[in-house]
Amino acid sequence: MMSILLVIGLVVGFGVGYMIPGLTPPVTPPDDYDVITDRGTIIVGTNSGWPPFEMLNTTTDELYGFDIDLAELVADYIGVTVEWVDMDFDALIGACQAGSIDMIASATFITAARCEVLQPLCWYIRTNEVVVVKANSTLTISSLDDLVGYTVGAQTGTTEDEELSEIAGVDLVRYPLVETMFQDLNAGALDAVYVDEPIVALYSTVYSIKIIFTVTAPPTAFYIRYGSDRLSAAINSAIAEGFADGSVDALIAQWFG
Amino acid sequence: MQGPFGLFDILVLILIRGLPMTLALTLLSLLVGFLVGLLLALVRVYAPYGLNYIAIGYEKIFRGIPLLVLIFIFGAALLRYFIWTGSLANALFFAAMLSLALRSAAYQSEIFRGAIMSVDAGQMMAAKSIGMNTFQATRNIILPQALRLSLPGWANEYAVVIKDTSLASAIGISDLIYQAQAFTWDYPAQFLPIILIVAIIYFVFTYPVTRYLGESMTLKLRQLGLGGGR
Amino acid sequence: MVVLEVKDVWKAYDTLEVLKGISFEVNEGEVKVIFGPSGSGKSTLLRVINMLTPPEKGEVLLRGQSLMDPKADLSKLRSHIGFVFQNFNLFTHLKAIDNVSIGPRLVLGMTKEEAEEAAYKALEHVRMNEWSNHYPAELSGGQQQRVGIARSLAMDPDVILFDEPTSALDPELIGEVLQVMLDIAKEGTTMVVVTHEMGFARAVSTEMIFMDKGVVVERGTPQHFFTNPESERARTFLHKLEVLYGQAEREMNSQ
């Protein structure tokens, strides 16, 4: 008897709580651009451990990388400083939507699904996605569909994860951590892994691996919430300026060699 | 991407940079969890039926949600509500601490409730018979004994929480795991030794506490005549 | 001067009636001994007097004040009634001195020093003052019970209730507790004692009350009971006890 009452109570409580915001008069939320410039800082979220875009320098205990430099360049242009938050990749999108962070700078590809919830800014680089196998593997493919029947690893939440999930018949194994994925490749538990090209350079210093297939990745961009045209305009012109005066190309040259 | 550090230096740096944060998070979460958990236990044992159900509801909710989800809720989704703590770093710490504390409270309340109920009924009778009211009796007679009886269970909770703090690295709290991860990215060849040593560090901070509070205290309590059963 | 009045008290647990209309009075300085077979409701009676369990019907008055009155300060009234438990119920986490001083301090409002002084005096009275810094777990049963008596004495109560105070003790320890009870009885403490110890009853009780199956069957002075009890039930019960003691006495005499 009491448990029924409890359930009813919970349902009514949640229902009322859900309706209340709808019943209150609408208030125009402040424009993100104003909030950020008033505060003097922009909160940028990233997921470190993704060379050469964002890494934690173990010598100085500070974040560094291509995205770090580019985001700080943009912030400079707007006239604010950056406060960095280092978060799990999966959590970044939710955090940005909820207002915990203002911008995502984490080597994030532009995909349809992400554009539905967050606003991509002008893209700044295009990398490759590659299929990587052990150096002594004899596997060759001419398209991603050839991976059917094989055990392939990808990092959770990445576009590689999405793309492989759509191919039925591929034994996809998801990894939150890239190092464990490469460990399993080396141990033979995986036939191949599907990753962004830039990190292959790092892992080829440890494991003998080779690239057997390259796909041009979607372009990479920063993301912000929808709703502030002034903020997106400001950041986009910052990036455009950066390309115009060559500073972005200089960064690309510095980080991607 | 090889840096200048050897394995030993790496481990020392992980320790110096990550350990204070891990311990701070553990101790604060346990403390807040203790206060909330004790309150919940008292409500469940002494309060009238209505309040009792609120406490039970709380416990069911916070034992049913995975801790990582809680940390994301407070640390990623609701982060801006903690800005009053002063800085972004403080807000993140507070969010992680809150998640751990609220969850720990749900388990600690069970520990205390069991302990309160296992205090001999005669103690309350004796307290009342010399004229103490329920409040005085609870505070001076029941709780001191119940808290001593809780120690083994509490030692266990400490062991759980210190290991759960590792999940806080998901929102960027610079604890042992976060630092260890950062080093494995810079020194990928040292992955295995690094994570093994981190495991040992957690063990070193867990085993002595559970041994001392758990087993030695149980023995001592039995000598004092508190706590029964083998 | 009436200290305690028990008026027509009834108590039932579910459908089992344990007390059926008990009434008696205790005057200042009197020692009432209540005895009878197990299940007669003796312990329940004491707990009802203290209001540890409320009765179904009836009234208990302490110096004219009813304990049943919802407006009465029950805790305050209880502080004037001492209670000595069969299994001592000492506060296990407190030393002996603290066990005895906590009541005066928290309930009677004495300062820490005053309470400790009162506690020490009470412990001296029961000859446990040298053990004041020991924990209950370090004391024998007899010692614990004496501390329990001290705990009641320290509150300076109007009457002390004893619920089979020696039933849980090893035989060789019974003596020290009975001695203390004899001493305080002779000093004029008002006592209601539930016990099987007939020697004690014979020595100091003002009146003995025989209970069986929830009713008072017979009342009278010790002389009355031990020379010529009226009711059949009392006679049978006392005979059983005599057999126990008498046999021991006879064996002792024949050695």
# chains A, B, ... in the order shown; residues from 1 in each chain; ligands from 1
>>> select_by_dssp(residues="stretch 109-216 of chain A", states="alpha helix (DSSP H)", output="ChimeraX atom specification")
/A:112-117,159-165,178-187,198-203
>>> interface_residues(of="chain A", to="chain B", cutoff="6 Å", atoms="only C-alpha atoms", output="ChimeraX atom specification")
/A:49,56,86-88,95,98,100,206
>>> write_last_selection(atoms="C-alpha atoms", output="short mmCIF file (atom, residue, chain, number, x, y, z; two decimals), in the first residue's frame")
data_model
loop_
_atom_site.label_atom_id
_atom_site.label_comp_id
_atom_site.auth_asym_id
_atom_site.auth_seq_id
_atom_site.Cartn_x
_atom_site.Cartn_y
_atom_site.Cartn_z
CA GLY A 49 45.59 12.83 -24.08
CA LEU A 56 49.05 17.40 -20.50
CA ASP A 86 39.77 18.79 -18.85
CA MET A 87 36.88 16.39 -19.09
CA ASP A 88 35.96 12.97 -20.47
CA ALA A 95 28.57 20.13 -20.36
CA ALA A 98 24.19 22.73 -19.87
CA SER A 100 29.09 24.38 -17.57
CA VAL A 206 56.09 2.24 -28.95
#
>>> interface_residues(of="chain B", to="chain C", cutoff="12 Å", atoms="only C-alpha atoms", output="MDAnalysis selection string")
chainID B and resid 119:137 139:149 220:227
>>> atom_distance(atom1="atom CA of C:Met128", atom2="atom CA of C:Asp170")
18.4 Å
>>> atom_distance(atom1="atom CA of A:Thr108", atom2="atom CA of A:Phe222")
6.9 Å
>>> atom_distance(atom1="atom CA of A:Tyr226", atom2="atom CA of A:Val117")
7.8 Å
>>> residues_around(residues="B:Leu23", least_positions_apart="3", cutoff="9 Å", atoms="only C-alpha atoms", output="NGL selection string")
:B and (18-20 or 26-28 or 162 or 165 or 175)
>>> write_last_selection(atoms="N, CA, C and O atoms", output="PDB file, in the first residue's frame")
ATOM      1  N   GLY B  18      49.236  14.100  -7.481  1.00  0.00           N
ATOM      2  CA  GLY B  18      47.897  13.512  -7.442  1.00  0.00           C
ATOM      3  C   GLY B  18      47.411  13.127  -6.052  1.00  0.00           C
ATOM      4  O   GLY B  18      46.224  13.207  -5.750  1.00  0.00           O
ATOM      5  N   LEU B  19      48.338  12.711  -5.186  1.00  0.00           N
ATOM      6  CA  LEU B  19      47.917  12.176  -3.898  1.00  0.00           C
ATOM      7  C   LEU B  19      47.173  13.183  -3.022  1.00  0.00           C
ATOM      8  O   LEU B  19      46.134  12.844  -2.449  1.00  0.00           O
ATOM      9  N   PRO B  20      47.652  14.415  -2.895  1.00  0.00           N
ATOM     10  CA  PRO B  20      46.923  15.373  -2.044  1.00  0.00           C
ATOM     11  C   PRO B  20      45.462  15.529  -2.470  1.00  0.00           C
ATOM     12  O   PRO B  20      44.569  15.557  -1.628  1.00  0.00           O
ATOM     13  N   THR B  26      38.764  12.294  -0.775  1.00  0.00           N
ATOM     14  CA  THR B  26      38.286  11.175   0.043  1.00  0.00           C
ATOM     15  C   THR B  26      37.803  11.649   1.401  1.00  0.00           C
ATOM     16  O   THR B  26      36.685  11.348   1.825  1.00  0.00           O
ATOM     17  N   LEU B  27      38.646  12.403   2.093  1.00  0.00           N
ATOM     18  CA  LEU B  27      38.318  12.776   3.465  1.00  0.00           C
ATOM     19  C   LEU B  27      37.116  13.712   3.537  1.00  0.00           C
ATOM     20  O   LEU B  27      36.226  13.524   4.366  1.00  0.00           O
ATOM     21  N   LEU B  28      37.067  14.703   2.645  1.00  0.00           N
ATOM     22  CA  LEU B  28      35.918  15.617   2.672  1.00  0.00           C
ATOM     23  C   LEU B  28      34.619  14.890   2.328  1.00  0.00           C
ATOM     24  O   LEU B  28      33.588  15.109   2.961  1.00  0.00           O
ATOM     25  N   ILE B 162      37.806   5.933  -1.351  1.00  0.00           N
ATOM     26  CA  ILE B 162      39.107   6.374  -1.862  1.00  0.00           C
ATOM     27  C   ILE B 162      39.325   5.831  -3.266  1.00  0.00           C
ATOM     28  O   ILE B 162      39.910   6.506  -4.116  1.00  0.00           O
ATOM     29  N   THR B 165      37.174   7.827  -5.823  1.00  0.00           N
ATOM     30  CA  THR B 165      37.620   9.170  -6.193  1.00  0.00           C
ATOM     31  C   THR B 165      38.280   9.152  -7.563  1.00  0.00           C
ATOM     32  O   THR B 165      38.355  10.164  -8.237  1.00  0.00           O
ATOM     33  N   ASP B 175      43.691  14.087  -9.815  1.00  0.00           N
ATOM     34  CA  ASP B 175      44.031  13.150  -8.745  1.00  0.00           C
ATOM     35  C   ASP B 175      45.071  12.143  -9.237  1.00  0.00           C
ATOM     36  O   ASP B 175      45.665  12.330 -10.293  1.00  0.00           O
TER      37      ASP B 175
END
>>> residues_around(residues="C:Gly142", least_positions_apart="3", cutoff="10 Å", atoms="only C-alpha atoms", output="PyMOL selection string")
chain C and resi 88+139+145-148+165-166+168-178
>>> residues_around(residues="stretch 215-217 of chain C", least_positions_apart="4", cutoff="7 Å", atoms="only C-alpha atoms", output="PyMOL selection string")
chain C and resi 19-22+209-211
>>> closest_residue(among="C:His239, C:Lys11, C:Lys213, C:Lys71", to="C:Gly39", atoms="only C-alpha atoms")
C:Lys213
>>> residues_around(residues="A:Leu5", least_positions_apart="5", cutoff="12 Å", atoms="only C-alpha atoms", output="VMD selection string")
(chain A and resid 10 to 13) or (chain B and resid 50 53)
>>> residues_around(residues="B:Ile61", least_positions_apart="5", cutoff="12 Å", atoms="only C-alpha atoms", output="ChimeraX atom specification")
/A:10 /B:54-56,66-67,70,102-103,105-107
>>> decode(residues="stretch 118-141 of chain A", atoms="N, CA and C atoms", output="JSON list (two decimals), in the first residue's frame")
[["chain", "number", "residue", "atom", "x", "y", "z"],
["A", 118, "LEU", "N", 24.72, 21.39, -30.81],
["A", 118, "LEU", "CA", 25.66, 22.48, -30.58],
["A", 118, "LEU", "C", 26.03, 23.12, -31.91],
["A", 119, "GLN", "N", 26.49, 24.35, -31.82],
["A", 119, "GLN", "CA", 26.80, 25.10, -33.02],
["A", 119, "GLN", "C", 28.29, 25.00, -33.36],
["A", 120, "PRO", "N", 28.61, 24.46, -34.54],
["A", 120, "PRO", "CA", 30.02, 24.40, -34.91],
["A", 120, "PRO", "C", 30.46, 25.74, -35.45],
["A", 121, "LEU", "N", 31.72, 26.05, -35.19],
["A", 121, "LEU", "CA", 32.25, 27.28, -35.74],
["A", 121, "LEU", "C", 33.05, 26.94, -37.00],
["A", 122, "CYS", "N", 33.66, 27.93, -37.53],
["A", 122, "CYS", "CA", 34.38, 27.75, -38.79],
["A", 122, "CYS", "C", 35.49, 26.74, -38.61],
["A", 123, "TRP", "N", 35.59, 25.75, -39.50],
["A", 123, "TRP", "CA", 36.56, 24.69, -39.24],
["A", 123, "TRP", "C", 37.97, 25.15, -39.54],
["A", 124, "TYR", "N", 38.90, 24.52, -38.86],
["A", 124, "TYR", "CA", 40.27, 25.01, -38.97],
["A", 124, "TYR", "C", 41.28, 23.99, -39.46],
["A", 125, "ILE", "N", 40.92, 22.76, -39.50],
["A", 125, "ILE", "CA", 41.87, 21.78, -40.02],
["A", 125, "ILE", "C", 41.13, 20.53, -40.43],
["A", 126, "ARG", "N", 41.70, 19.86, -41.35],
["A", 126, "ARG", "CA", 41.11, 18.60, -41.80],
["A", 126, "ARG", "C", 42.16, 17.52, -41.69],
["A", 127, "THR", "N", 41.90, 16.50, -40.88],
["A", 127, "THR", "CA", 42.88, 15.43, -40.73],
["A", 127, "THR", "C", 42.33, 14.17, -41.39],
["A", 128, "ASN", "N", 43.03, 13.11, -41.21],
["A", 128, "ASN", "CA", 42.58, 11.84, -41.75],
["A", 128, "ASN", "C", 42.20, 10.88, -40.65],
["A", 129, "GLU", "N", 41.28, 9.98, -41.00],
["A", 129, "GLU", "CA", 41.05, 8.83, -40.14],
["A", 129, "GLU", "C", 41.74, 7.65, -40.81],
["A", 130, "VAL", "N", 42.40, 6.85, -40.03],
["A", 130, "VAL", "CA", 43.15, 5.75, -40.63],
["A", 130, "VAL", "C", 42.85, 4.43, -39.94],
["A", 131, "VAL", "N", 42.96, 3.36, -40.75],
["A", 131, "VAL", "CA", 42.87, 2.03, -40.18],
["A", 131, "VAL", "C", 44.29, 1.55, -39.95],
["A", 132, "VAL", "N", 44.57, 1.14, -38.72],
["A", 132, "VAL", "CA", 45.94, 0.78, -38.33],
["A", 132, "VAL", "C", 45.97, -0.69, -37.93],
["A", 133, "VAL", "N", 47.00, -1.37, -38.40],
["A", 133, "VAL", "CA", 47.19, -2.78, -38.01],
["A", 133, "VAL", "C", 48.63, -2.97, -37.55],
["A", 134, "LYS", "N", 48.90, -4.15, -37.00],
["A", 134, "LYS", "CA", 50.28, -4.43, -36.61],
["A", 134, "LYS", "C", 51.14, -4.51, -37.86],
["A", 135, "ALA", "N", 52.41, -4.16, -37.70],
["A", 135, "ALA", "CA", 53.31, -4.08, -38.86],
["A", 135, "ALA", "C", 53.40, -5.40, -39.61],
["A", 136, "ASN", "N", 53.26, -6.50, -38.88],
["A", 136, "ASN", "CA", 53.41, -7.79, -39.57],
["A", 136, "ASN", "C", 52.07, -8.36, -40.03],
["A", 137, "SER", "N", 51.00, -7.54, -40.02],
["A", 137, "SER", "CA", 49.70, -8.04, -40.45],
["A", 137, "SER", "C", 49.62, -8.08, -41.97],
["A", 138, "THR", "N", 48.85, -9.03, -42.49],
["A", 138, "THR", "CA", 48.72, -9.14, -43.94],
["A", 138, "THR", "C", 47.39, -8.59, -44.41],
["A", 139, "LEU", "N", 46.64, -7.98, -43.50],
["A", 139, "LEU", "CA", 45.32, -7.50, -43.84],
["A", 139, "LEU", "C", 45.39, -6.32, -44.80],
["A", 140, "THR", "N", 44.62, -6.38, -45.90],
["A", 140, "THR", "CA", 44.48, -5.20, -46.76],
["A", 140, "THR", "C", 43.00, -5.00, -47.03],
["A", 141, "ILE", "N", 42.59, -3.72, -47.11],
["A", 141, "ILE", "CA", 41.19, -3.44, -47.43],
["A", 141, "ILE", "C", 41.13, -2.34, -48.46]]
